[in-house]
Amino acid sequence: MARRRMVYEGKAKILYEGPEPGTLIQYFKDDATAGNGAKKDVVEGKGVLNNRISEHVMTGLNAIGVPTHFIRRLNMREQLVRAVEMIPLEIVVRNVAAGSLSTRLGIEEGTPLPRPIIEFYLKDDALGDPMVTEEHIIAFNWAAQQDIDDIISLALRVNDFMSGMMMGVGIRLIDFKIEIGRHWEGDFHRLVVADEISPDSCRLWDAKSGDKLDKDVFRRDLGSIADTYSEVAQRLGIMPRPGERTEGKRGPKLVH
Ligand SMILES: Nc1ncnc2c1ncn2[C@@H]1O[C@H](COP(=O)(O)OP(=O)(O)O)[C@@H](O)[C@H]1O
Ligand SMILES: [Mg+2]
């Protein structure tokens, strides 16, 4: 069998050429990084968990008509996606103050925001992903005004969908990051949610205790991230709890 061609290796994933033109295989690694690679570790099982969680979120988004690159999961670590032309931005949506918003602006972590705040960062490791405004995005041609309008509406739909999905299992969606790509159909393109949506790219707090259920556990050395990400997967009903029988009783664990 011919060896498949690697297209790109990033910090958390590897992209391979897919079986058909216009497709890619996303392989989820166990590597964990924070602070733009300043902190690194291998967390056994993280890739498997993120592959499953991202599949779950993207499938739900597809089902409500929010286009994503996700086609299907292939195995424990790989999913088939549509190859898209990535917009070089990280789009952050915030519901509650945390992380860099709190540090930069002196707003206490945990302060609910009066409305979701959307921020754009240039995806450039060498520059440390600097924050940019719509002015920069248009002036430097990273995206057009129409794209920005579409990006904002996609980001808000993802926010509403994910906030509800997480709240149903007792988790508050504090903030998240998405990446968006252009899917070309002839001369036209439409914007689709690409990359991954997982506890690596979200801030998730337990609704009752406020415990962190995301990458901050790794960034701030708060405990085991494999256990934390498993907890999210288990609550979402996509992985059984240890010792739990799965036949006929899969589904989210509803919190009352
Ligand atoms: N559907 C897609 N088509 C093309 N590129 C994609 C797609 N989804 C994600 N990517 C890109 O693939 C890479 C995923 O690997 P990752 O380890 O997250 O890389 P990075 O370290 O650059 O963030 C990212 O650069 C992301 O922008
Ligand atoms: Mg990435």
# chains A, B, ... in the order shown; residues from 1 in each chain; ligands from 1
$ residues_around --residues "region 194-205 of chain A" --least-positions-apart "6" --cutoff "9 Å" --atoms "only C-alpha atoms" --output "PDB file with N, CA and C atoms, in the first residue's frame"
ATOM      1  N   GLN A  26      -7.541  14.364   9.232  1.00  0.00           N
ATOM      2  CA  GLN A  26      -6.994  15.067  10.394  1.00  0.00           C
ATOM      3  C   GLN A  26      -6.666  14.020  11.448  1.00  0.00           C
ATOM      4  N   ALA A  32       0.405  18.125  23.930  1.00  0.00           N
ATOM      5  CA  ALA A  32      -0.269  19.285  24.516  1.00  0.00           C
ATOM      6  C   ALA A  32       0.733  20.431  24.551  1.00  0.00           C
ATOM      7  N   LEU A  49      -9.670  11.684  22.707  1.00  0.00           N
ATOM      8  CA  LEU A  49     -10.777  12.449  23.296  1.00  0.00           C
ATOM      9  C   LEU A  49     -11.146  13.648  22.422  1.00  0.00           C
ATOM     10  N   ASN A  50     -10.143  14.393  21.964  1.00  0.00           N
ATOM     11  CA  ASN A  50     -10.447  15.572  21.149  1.00  0.00           C
ATOM     12  C   ASN A  50     -11.070  15.178  19.807  1.00  0.00           C
ATOM     13  N   ASN A  51     -10.617  14.062  19.247  1.00  0.00           N
ATOM     14  CA  ASN A  51     -11.215  13.577  17.994  1.00  0.00           C
ATOM     15  C   ASN A  51     -12.708  13.325  18.208  1.00  0.00           C
ATOM     16  N   ARG A  52     -13.053  12.663  19.306  1.00  0.00           N
ATOM     17  CA  ARG A  52     -14.456  12.334  19.587  1.00  0.00           C
ATOM     18  C   ARG A  52     -15.279  13.570  19.929  1.00  0.00           C
ATOM     19  N   ILE A  53     -14.707  14.437  20.758  1.00  0.00           N
ATOM     20  CA  ILE A  53     -15.476  15.619  21.181  1.00  0.00           C
ATOM     21  C   ILE A  53     -15.702  16.545  19.983  1.00  0.00           C
ATOM     22  N   SER A  54     -14.654  16.743  19.171  1.00  0.00           N
ATOM     23  CA  SER A  54     -14.796  17.609  18.004  1.00  0.00           C
ATOM     24  C   SER A  54     -15.811  17.021  17.015  1.00  0.00           C
ATOM     25  N   GLU A  55     -15.763  15.701  16.833  1.00  0.00           N
ATOM     26  CA  GLU A  55     -16.764  15.032  15.983  1.00  0.00           C
ATOM     27  C   GLU A  55     -18.179  15.344  16.488  1.00  0.00           C
ATOM     28  N   VAL A  57     -19.331  17.805  18.401  1.00  0.00           N
ATOM     29  CA  VAL A  57     -19.748  19.203  18.239  1.00  0.00           C
ATOM     30  C   VAL A  57     -20.013  19.507  16.763  1.00  0.00           C
ATOM     31  N   MET A  58     -19.093  19.097  15.898  1.00  0.00           N
ATOM     32  CA  MET A  58     -19.235  19.423  14.461  1.00  0.00           C
ATOM     33  C   MET A  58     -20.463  18.716  13.860  1.00  0.00           C
ATOM     34  N   THR A  68     -19.702  22.931   8.468  1.00  0.00           N
ATOM     35  CA  THR A  68     -18.358  22.660   8.987  1.00  0.00           C
ATOM     36  C   THR A  68     -17.604  21.812   7.967  1.00  0.00           C
ATOM     37  N   HIS A  69     -16.299  21.647   8.223  1.00  0.00           N
ATOM     38  CA  HIS A  69     -15.481  20.837   7.311  1.00  0.00           C
ATOM     39  C   HIS A  69     -15.641  19.338   7.582  1.00  0.00           C
ATOM     40  N   PHE A  70     -16.317  18.983   8.684  1.00  0.00           N
ATOM     41  CA  PHE A  70     -16.343  17.590   9.135  1.00  0.00           C
ATOM     42  C   PHE A  70     -17.170  16.703   8.201  1.00  0.00           C
ATOM     43  N   VAL A  81     -12.103  15.193   6.622  1.00  0.00           N
ATOM     44  CA  VAL A  81     -12.670  16.545   6.537  1.00  0.00           C
ATOM     45  C   VAL A  81     -12.517  17.063   5.108  1.00  0.00           C
ATOM     46  N   ARG A  82     -13.304  18.087   4.800  1.00  0.00           N
ATOM     47  CA  ARG A  82     -13.148  18.769   3.522  1.00  0.00           C
ATOM     48  C   ARG A  82     -11.930  19.689   3.590  1.00  0.00           C
ATOM     49  N   ALA A  83     -11.108  19.634   2.570  1.00  0.00           N
ATOM     50  CA  ALA A  83      -9.959  20.550   2.530  1.00  0.00           C
ATOM     51  C   ALA A  83     -10.490  21.945   2.235  1.00  0.00           C
ATOM     52  N   VAL A  84     -10.136  22.897   3.058  1.00  0.00           N
ATOM     53  CA  VAL A  84     -10.590  24.265   2.801  1.00  0.00           C
ATOM     54  C   VAL A  84      -9.391  25.208   2.810  1.00  0.00           C
ATOM     55  N   MET A  86      -7.809  27.995   4.513  1.00  0.00           N
ATOM     56  CA  MET A  86      -7.983  28.565   5.848  1.00  0.00           C
ATOM     57  C   MET A  86      -7.863  30.091   5.816  1.00  0.00           C
ATOM     58  N   ALA A  98     -12.196  35.924  31.164  1.00  0.00           N
ATOM     59  CA  ALA A  98     -11.179  34.954  31.601  1.00  0.00           C
ATOM     60  C   ALA A  98      -9.939  35.178  30.748  1.00  0.00           C
ATOM     61  N   MET A 166     -23.527  22.500  26.224  1.00  0.00           N
ATOM     62  CA  MET A 166     -22.737  22.365  27.449  1.00  0.00           C
ATOM     63  C   MET A 166     -23.611  22.586  28.688  1.00  0.00           C
ATOM     64  N   GLY A 170     -24.375  20.506  32.474  1.00  0.00           N
ATOM     65  CA  GLY A 170     -23.822  21.145  33.671  1.00  0.00           C
ATOM     66  C   GLY A 170     -22.478  21.831  33.471  1.00  0.00           C
ATOM     67  N   ILE A 171     -22.245  22.325  32.258  1.00  0.00           N
ATOM     68  CA  ILE A 171     -20.969  23.001  31.975  1.00  0.00           C
ATOM     69  C   ILE A 171     -21.252  24.394  31.407  1.00  0.00           C
ATOM     70  N   ARG A 172     -20.535  25.392  31.919  1.00  0.00           N
ATOM     71  CA  ARG A 172     -20.652  26.758  31.366  1.00  0.00           C
ATOM     72  C   ARG A 172     -19.604  26.969  30.288  1.00  0.00           C
ATOM     73  N   LEU A 173     -20.059  27.454  29.140  1.00  0.00           N
ATOM     74  CA  LEU A 173     -19.115  27.797  28.073  1.00  0.00           C
ATOM     75  C   LEU A 173     -18.642  29.226  28.318  1.00  0.00           C
ATOM     76  N   ILE A 174     -17.427  29.352  28.791  1.00  0.00           N
ATOM     77  CA  ILE A 174     -16.866  30.666  29.133  1.00  0.00           C
ATOM     78  C   ILE A 174     -16.390  31.389  27.883  1.00  0.00           C
ATOM     79  N   ASP A 175     -15.603  30.692  27.065  1.00  0.00           N
ATOM     80  CA  ASP A 175     -15.150  31.240  25.782  1.00  0.00           C
ATOM     81  C   ASP A 175     -14.650  30.104  24.908  1.00  0.00           C
ATOM     82  N   PHE A 176     -14.408  30.393  23.648  1.00  0.00           N
ATOM     83  CA  PHE A 176     -13.845  29.376  22.746  1.00  0.00           C
ATOM     84  C   PHE A 176     -13.200  30.053  21.555  1.00  0.00           C
ATOM     85  N   LYS A 177     -12.400  29.250  20.849  1.00  0.00           N
ATOM     86  CA  LYS A 177     -11.732  29.721  19.631  1.00  0.00           C
ATOM     87  C   LYS A 177     -12.141  28.835  18.467  1.00  0.00           C
ATOM     88  N   ILE A 178     -12.459  29.433  17.340  1.00  0.00           N
ATOM     89  CA  ILE A 178     -12.660  28.612  16.144  1.00  0.00           C
ATOM     90  C   ILE A 178     -11.776  29.124  15.010  1.00  0.00           C
ATOM     91  N   GLU A 179     -11.586  28.257  14.031  1.00  0.00           N
ATOM     92  CA  GLU A 179     -10.926  28.647  12.790  1.00  0.00           C
ATOM     93  C   GLU A 179     -11.907  28.377  11.656  1.00  0.00           C
ATOM     94  N   ILE A 180     -11.851  29.243  10.665  1.00  0.00           N
ATOM     95  CA  ILE A 180     -12.821  29.169   9.573  1.00  0.00           C
ATOM     96  C   ILE A 180     -12.082  29.101   8.242  1.00  0.00           C
ATOM     97  N   GLY A 181     -12.663  28.327   7.314  1.00  0.00           N
ATOM     98  CA  GLY A 181     -12.032  28.209   5.995  1.00  0.00           C
ATOM     99  C   GLY A 181     -13.033  28.477   4.893  1.00  0.00           C
ATOM    100  N   ASP A 211     -15.269  24.419  38.724  1.00  0.00           N
ATOM    101  CA  ASP A 211     -14.013  23.737  38.362  1.00  0.00           C
ATOM    102  C   ASP A 211     -13.751  23.851  36.865  1.00  0.00           C
ATOM    103  N   LYS A 212     -12.469  23.963  36.526  1.00  0.00           N
ATOM    104  CA  LYS A 212     -12.107  24.089  35.118  1.00  0.00           C
ATOM    105  C   LYS A 212     -12.071  22.713  34.456  1.00  0.00           C
ATOM    106  N   LEU A 213     -12.676  22.619  33.269  1.00  0.00           N
ATOM    107  CA  LEU A 213     -12.762  21.337  32.554  1.00  0.00           C
ATOM    108  C   LEU A 213     -12.149  21.497  31.162  1.00  0.00           C
ATOM    109  N   ASP A 214     -10.993  22.153  31.083  1.00  0.00           N
ATOM    110  CA  ASP A 214     -10.430  22.506  29.770  1.00  0.00           C
ATOM    111  C   ASP A 214      -8.917  22.624  29.862  1.00  0.00           C
ATOM    112  N   LYS A 215      -8.319  23.211  28.841  1.00  0.00           N
ATOM    113  CA  LYS A 215      -6.860  23.272  28.746  1.00  0.00           C
ATOM    114  C   LYS A 215      -6.217  24.113  29.846  1.00  0.00           C
ATOM    115  N   ASP A 216      -6.979  24.951  30.528  1.00  0.00           N
ATOM    116  CA  ASP A 216      -6.407  25.694  31.657  1.00  0.00           C
ATOM    117  C   ASP A 216      -5.872  24.741  32.721  1.00  0.00           C
ATOM    118  N   THR A 228      -9.752  15.154  32.930  1.00  0.00           N
ATOM    119  CA  THR A 228     -10.660  16.289  32.749  1.00  0.00           C
ATOM    120  C   THR A 228     -11.404  16.197  31.414  1.00  0.00           C
ATOM    121  N   TYR A 229     -10.666  15.903  30.333  1.00  0.00           N
ATOM    122  CA  TYR A 229     -11.307  15.813  29.018  1.00  0.00           C
ATOM    123  C   TYR A 229     -12.252  14.599  28.973  1.00  0.00           C
ATOM    124  N   VAL A 232     -15.564  15.582  30.375  1.00  0.00           N
ATOM    125  CA  VAL A 232     -16.397  16.306  29.402  1.00  0.00           C
ATOM    126  C   VAL A 232     -17.037  15.310  28.435  1.00  0.00           C
TER     127      VAL A 232
END
$ residues_around --residues "Lys46 (chain A)" --least-positions-apart "2" --cutoff "6 Å" --atoms "only C-alpha atoms" --output "MDAnalysis selection string"
chainID A and resid 30 43:44 48:49 226
$ atom_distance --atom1 "CA of Asn159 (chain A)" --atom2 "CA of Gly223 (chain A)"
26.9 Å
$ atom_distance --atom1 "CA of Ala97 (chain A)" --atom2 "CA of Met131 (chain A)"
16.4 Å
$ select_by_dssp --residues "region 180-221 of chain A" --states "helix (DSSP H, G or I)" --output "list in words"
Asp216, Val217, Phe218 and Arg219 of chain A
$ decode --residues "region 98-144 of chain A" --atoms "N, CA and C atoms" --output "PDB file, in the first residue's frame"
ATOM      1  N   ALA A  98     -12.196  35.924  31.164  1.00  0.00           N
ATOM      2  CA  ALA A  98     -11.179  34.954  31.601  1.00  0.00           C
ATOM      3  C   ALA A  98      -9.939  35.178  30.748  1.00  0.00           C
ATOM      4  N   GLY A  99      -8.852  34.529  31.146  1.00  0.00           N
ATOM      5  CA  GLY A  99      -7.637  34.519  30.334  1.00  0.00           C
ATOM      6  C   GLY A  99      -7.123  35.904  29.987  1.00  0.00           C
ATOM      7  N   SER A 100      -6.782  36.078  28.696  1.00  0.00           N
ATOM      8  CA  SER A 100      -6.120  37.318  28.282  1.00  0.00           C
ATOM      9  C   SER A 100      -7.038  38.525  28.420  1.00  0.00           C
ATOM     10  N   LEU A 101      -8.344  38.344  28.306  1.00  0.00           N
ATOM     11  CA  LEU A 101      -9.246  39.489  28.458  1.00  0.00           C
ATOM     12  C   LEU A 101      -9.137  40.038  29.890  1.00  0.00           C
ATOM     13  N   SER A 102      -9.079  39.113  30.855  1.00  0.00           N
ATOM     14  CA  SER A 102      -8.964  39.539  32.248  1.00  0.00           C
ATOM     15  C   SER A 102      -7.618  40.193  32.521  1.00  0.00           C
ATOM     16  N   THR A 103      -6.541  39.584  31.987  1.00  0.00           N
ATOM     17  CA  THR A 103      -5.211  40.151  32.252  1.00  0.00           C
ATOM     18  C   THR A 103      -5.038  41.504  31.580  1.00  0.00           C
ATOM     19  N   ARG A 104      -5.447  41.598  30.308  1.00  0.00           N
ATOM     20  CA  ARG A 104      -5.196  42.834  29.569  1.00  0.00           C
ATOM     21  C   ARG A 104      -6.015  43.990  30.102  1.00  0.00           C
ATOM     22  N   LEU A 105      -7.294  43.693  30.445  1.00  0.00           N
ATOM     23  CA  LEU A 105      -8.212  44.784  30.770  1.00  0.00           C
ATOM     24  C   LEU A 105      -8.527  44.875  32.256  1.00  0.00           C
ATOM     25  N   GLY A 106      -7.949  43.981  33.049  1.00  0.00           N
ATOM     26  CA  GLY A 106      -8.158  44.036  34.490  1.00  0.00           C
ATOM     27  C   GLY A 106      -9.590  43.720  34.902  1.00  0.00           C
ATOM     28  N   ILE A 107     -10.241  42.865  34.143  1.00  0.00           N
ATOM     29  CA  ILE A 107     -11.615  42.475  34.501  1.00  0.00           C
ATOM     30  C   ILE A 107     -11.542  41.107  35.165  1.00  0.00           C
ATOM     31  N   GLU A 108     -12.091  41.015  36.354  1.00  0.00           N
ATOM     32  CA  GLU A 108     -11.912  39.805  37.155  1.00  0.00           C
ATOM     33  C   GLU A 108     -12.437  38.567  36.426  1.00  0.00           C
ATOM     34  N   GLU A 109     -11.651  37.483  36.482  1.00  0.00           N
ATOM     35  CA  GLU A 109     -12.076  36.229  35.867  1.00  0.00           C
ATOM     36  C   GLU A 109     -13.417  35.813  36.449  1.00  0.00           C
ATOM     37  N   GLY A 110     -14.322  35.404  35.579  1.00  0.00           N
ATOM     38  CA  GLY A 110     -15.625  34.951  36.050  1.00  0.00           C
ATOM     39  C   GLY A 110     -16.704  36.020  35.923  1.00  0.00           C
ATOM     40  N   THR A 111     -16.315  37.249  35.554  1.00  0.00           N
ATOM     41  CA  THR A 111     -17.317  38.305  35.382  1.00  0.00           C
ATOM     42  C   THR A 111     -18.123  38.046  34.105  1.00  0.00           C
ATOM     43  N   PRO A 112     -19.439  37.857  34.234  1.00  0.00           N
ATOM     44  CA  PRO A 112     -20.228  37.639  33.007  1.00  0.00           C
ATOM     45  C   PRO A 112     -20.183  38.893  32.136  1.00  0.00           C
ATOM     46  N   LEU A 113     -20.088  38.704  30.832  1.00  0.00           N
ATOM     47  CA  LEU A 113     -20.029  39.851  29.923  1.00  0.00           C
ATOM     48  C   LEU A 113     -21.452  40.229  29.511  1.00  0.00           C
ATOM     49  N   PRO A 114     -21.708  41.526  29.305  1.00  0.00           N
ATOM     50  CA  PRO A 114     -23.078  41.950  28.979  1.00  0.00           C
ATOM     51  C   PRO A 114     -23.558  41.416  27.637  1.00  0.00           C
ATOM     52  N   ARG A 115     -22.631  41.058  26.760  1.00  0.00           N
ATOM     53  CA  ARG A 115     -22.978  40.446  25.463  1.00  0.00           C
ATOM     54  C   ARG A 115     -21.758  39.672  25.003  1.00  0.00           C
ATOM     55  N   PRO A 116     -21.957  38.671  24.124  1.00  0.00           N
ATOM     56  CA  PRO A 116     -20.779  37.936  23.673  1.00  0.00           C
ATOM     57  C   PRO A 116     -19.802  38.894  22.974  1.00  0.00           C
ATOM     58  N   ILE A 117     -18.540  38.748  23.283  1.00  0.00           N
ATOM     59  CA  ILE A 117     -17.516  39.592  22.660  1.00  0.00           C
ATOM     60  C   ILE A 117     -16.716  38.731  21.692  1.00  0.00           C
ATOM     61  N   ILE A 118     -16.552  39.235  20.470  1.00  0.00           N
ATOM     62  CA  ILE A 118     -15.781  38.493  19.467  1.00  0.00           C
ATOM     63  C   ILE A 118     -14.445  39.198  19.267  1.00  0.00           C
ATOM     64  N   GLU A 119     -13.380  38.421  19.269  1.00  0.00           N
ATOM     65  CA  GLU A 119     -12.035  38.976  19.038  1.00  0.00           C
ATOM     66  C   GLU A 119     -11.371  38.208  17.902  1.00  0.00           C
ATOM     67  N   PHE A 120     -10.507  38.896  17.193  1.00  0.00           N
ATOM     68  CA  PHE A 120      -9.755  38.251  16.110  1.00  0.00           C
ATOM     69  C   PHE A 120      -8.258  38.275  16.443  1.00  0.00           C
ATOM     70  N   TYR A 121      -7.608  37.156  16.202  1.00  0.00           N
ATOM     71  CA  TYR A 121      -6.158  37.058  16.358  1.00  0.00           C
ATOM     72  C   TYR A 121      -5.582  36.543  15.055  1.00  0.00           C
ATOM     73  N   LEU A 122      -4.449  37.107  14.655  1.00  0.00           N
ATOM     74  CA  LEU A 122      -3.774  36.614  13.457  1.00  0.00           C
ATOM     75  C   LEU A 122      -3.104  35.292  13.806  1.00  0.00           C
ATOM     76  N   LYS A 123      -3.383  34.250  12.997  1.00  0.00           N
ATOM     77  CA  LYS A 123      -2.799  32.942  13.292  1.00  0.00           C
ATOM     78  C   LYS A 123      -1.377  32.924  12.761  1.00  0.00           C
ATOM     79  N   ASP A 124      -0.439  33.259  13.631  1.00  0.00           N
ATOM     80  CA  ASP A 124       0.973  33.335  13.239  1.00  0.00           C
ATOM     81  C   ASP A 124       1.838  33.067  14.466  1.00  0.00           C
ATOM     82  N   ASP A 125       2.317  31.811  14.549  1.00  0.00           N
ATOM     83  CA  ASP A 125       3.099  31.387  15.715  1.00  0.00           C
ATOM     84  C   ASP A 125       4.307  32.288  15.948  1.00  0.00           C
ATOM     85  N   ALA A 126       5.000  32.665  14.841  1.00  0.00           N
ATOM     86  CA  ALA A 126       6.229  33.461  14.981  1.00  0.00           C
ATOM     87  C   ALA A 126       5.927  34.802  15.647  1.00  0.00           C
ATOM     88  N   LEU A 127       4.747  35.337  15.418  1.00  0.00           N
ATOM     89  CA  LEU A 127       4.374  36.630  16.014  1.00  0.00           C
ATOM     90  C   LEU A 127       3.607  36.460  17.322  1.00  0.00           C
ATOM     91  N   GLY A 128       3.360  35.206  17.706  1.00  0.00           N
ATOM     92  CA  GLY A 128       2.617  34.955  18.948  1.00  0.00           C
ATOM     93  C   GLY A 128       1.131  35.268  18.807  1.00  0.00           C
ATOM     94  N   ASP A 129       0.558  35.026  17.640  1.00  0.00           N
ATOM     95  CA  ASP A 129      -0.881  35.217  17.398  1.00  0.00           C
ATOM     96  C   ASP A 129      -1.393  36.569  17.930  1.00  0.00           C
ATOM     97  N   PRO A 130      -0.918  37.677  17.375  1.00  0.00           N
ATOM     98  CA  PRO A 130      -1.349  38.993  17.895  1.00  0.00           C
ATOM     99  C   PRO A 130      -2.820  39.290  17.604  1.00  0.00           C
ATOM    100  N   MET A 131      -3.433  40.056  18.515  1.00  0.00           N
ATOM    101  CA  MET A 131      -4.818  40.458  18.293  1.00  0.00           C
ATOM    102  C   MET A 131      -4.868  41.477  17.158  1.00  0.00           C
ATOM    103  N   VAL A 132      -5.876  41.365  16.301  1.00  0.00           N
ATOM    104  CA  VAL A 132      -6.034  42.315  15.199  1.00  0.00           C
ATOM    105  C   VAL A 132      -7.480  42.805  15.163  1.00  0.00           C
ATOM    106  N   THR A 133      -7.684  43.923  14.467  1.00  0.00           N
ATOM    107  CA  THR A 133      -9.044  44.450  14.342  1.00  0.00           C
ATOM    108  C   THR A 133      -9.562  44.195  12.923  1.00  0.00           C
ATOM    109  N   GLU A 134     -10.838  44.500  12.720  1.00  0.00           N
ATOM    110  CA  GLU A 134     -11.415  44.346  11.377  1.00  0.00           C
ATOM    111  C   GLU A 134     -10.661  45.207  10.369  1.00  0.00           C
ATOM    112  N   GLU A 135     -10.185  46.382  10.823  1.00  0.00           N
ATOM    113  CA  GLU A 135      -9.416  47.279   9.944  1.00  0.00           C
ATOM    114  C   GLU A 135      -8.187  46.569   9.394  1.00  0.00           C
ATOM    115  N   HIS A 136      -7.457  45.895  10.294  1.00  0.00           N
ATOM    116  CA  HIS A 136      -6.258  45.165   9.848  1.00  0.00           C
ATOM    117  C   HIS A 136      -6.641  44.048   8.883  1.00  0.00           C
ATOM    118  N   ILE A 137      -7.706  43.352   9.220  1.00  0.00           N
ATOM    119  CA  ILE A 137      -8.101  42.177   8.424  1.00  0.00           C
ATOM    120  C   ILE A 137      -8.417  42.596   6.989  1.00  0.00           C
ATOM    121  N   ILE A 138      -9.115  43.740   6.860  1.00  0.00           N
ATOM    122  CA  ILE A 138      -9.478  44.200   5.522  1.00  0.00           C
ATOM    123  C   ILE A 138      -8.266  44.821   4.825  1.00  0.00           C
ATOM    124  N   ALA A 139      -7.515  45.658   5.558  1.00  0.00           N
ATOM    125  CA  ALA A 139      -6.371  46.335   4.939  1.00  0.00           C
ATOM    126  C   ALA A 139      -5.348  45.333   4.411  1.00  0.00           C
ATOM    127  N   PHE A 140      -5.120  44.260   5.150  1.00  0.00           N
ATOM    128  CA  PHE A 140      -4.098  43.299   4.722  1.00  0.00           C
ATOM    129  C   PHE A 140      -4.694  42.115   3.971  1.00  0.00           C
ATOM    130  N   ASN A 141      -5.996  42.247   3.660  1.00  0.00           N
ATOM    131  CA  ASN A 141      -6.615  41.278   2.764  1.00  0.00           C
ATOM    132  C   ASN A 141      -6.674  39.838   3.304  1.00  0.00           C
ATOM    133  N   TRP A 142      -6.753  39.708   4.626  1.00  0.00           N
ATOM    134  CA  TRP A 142      -6.907  38.354   5.182  1.00  0.00           C
ATOM    135  C   TRP A 142      -8.346  37.874   4.978  1.00  0.00           C
ATOM    136  N   ALA A 143      -9.268  38.819   4.945  1.00  0.00           N
ATOM    137  CA  ALA A 143     -10.664  38.510   4.644  1.00  0.00           C
ATOM    138  C   ALA A 143     -11.344  39.819   4.254  1.00  0.00           C
ATOM    139  N   ALA A 144     -12.442  39.700   3.501  1.00  0.00           N
ATOM    140  CA  ALA A 144     -13.197  40.881   3.062  1.00  0.00           C
ATOM    141  C   ALA A 144     -14.256  41.223   4.106  1.00  0.00           C
TER     142      ALA A 144
END
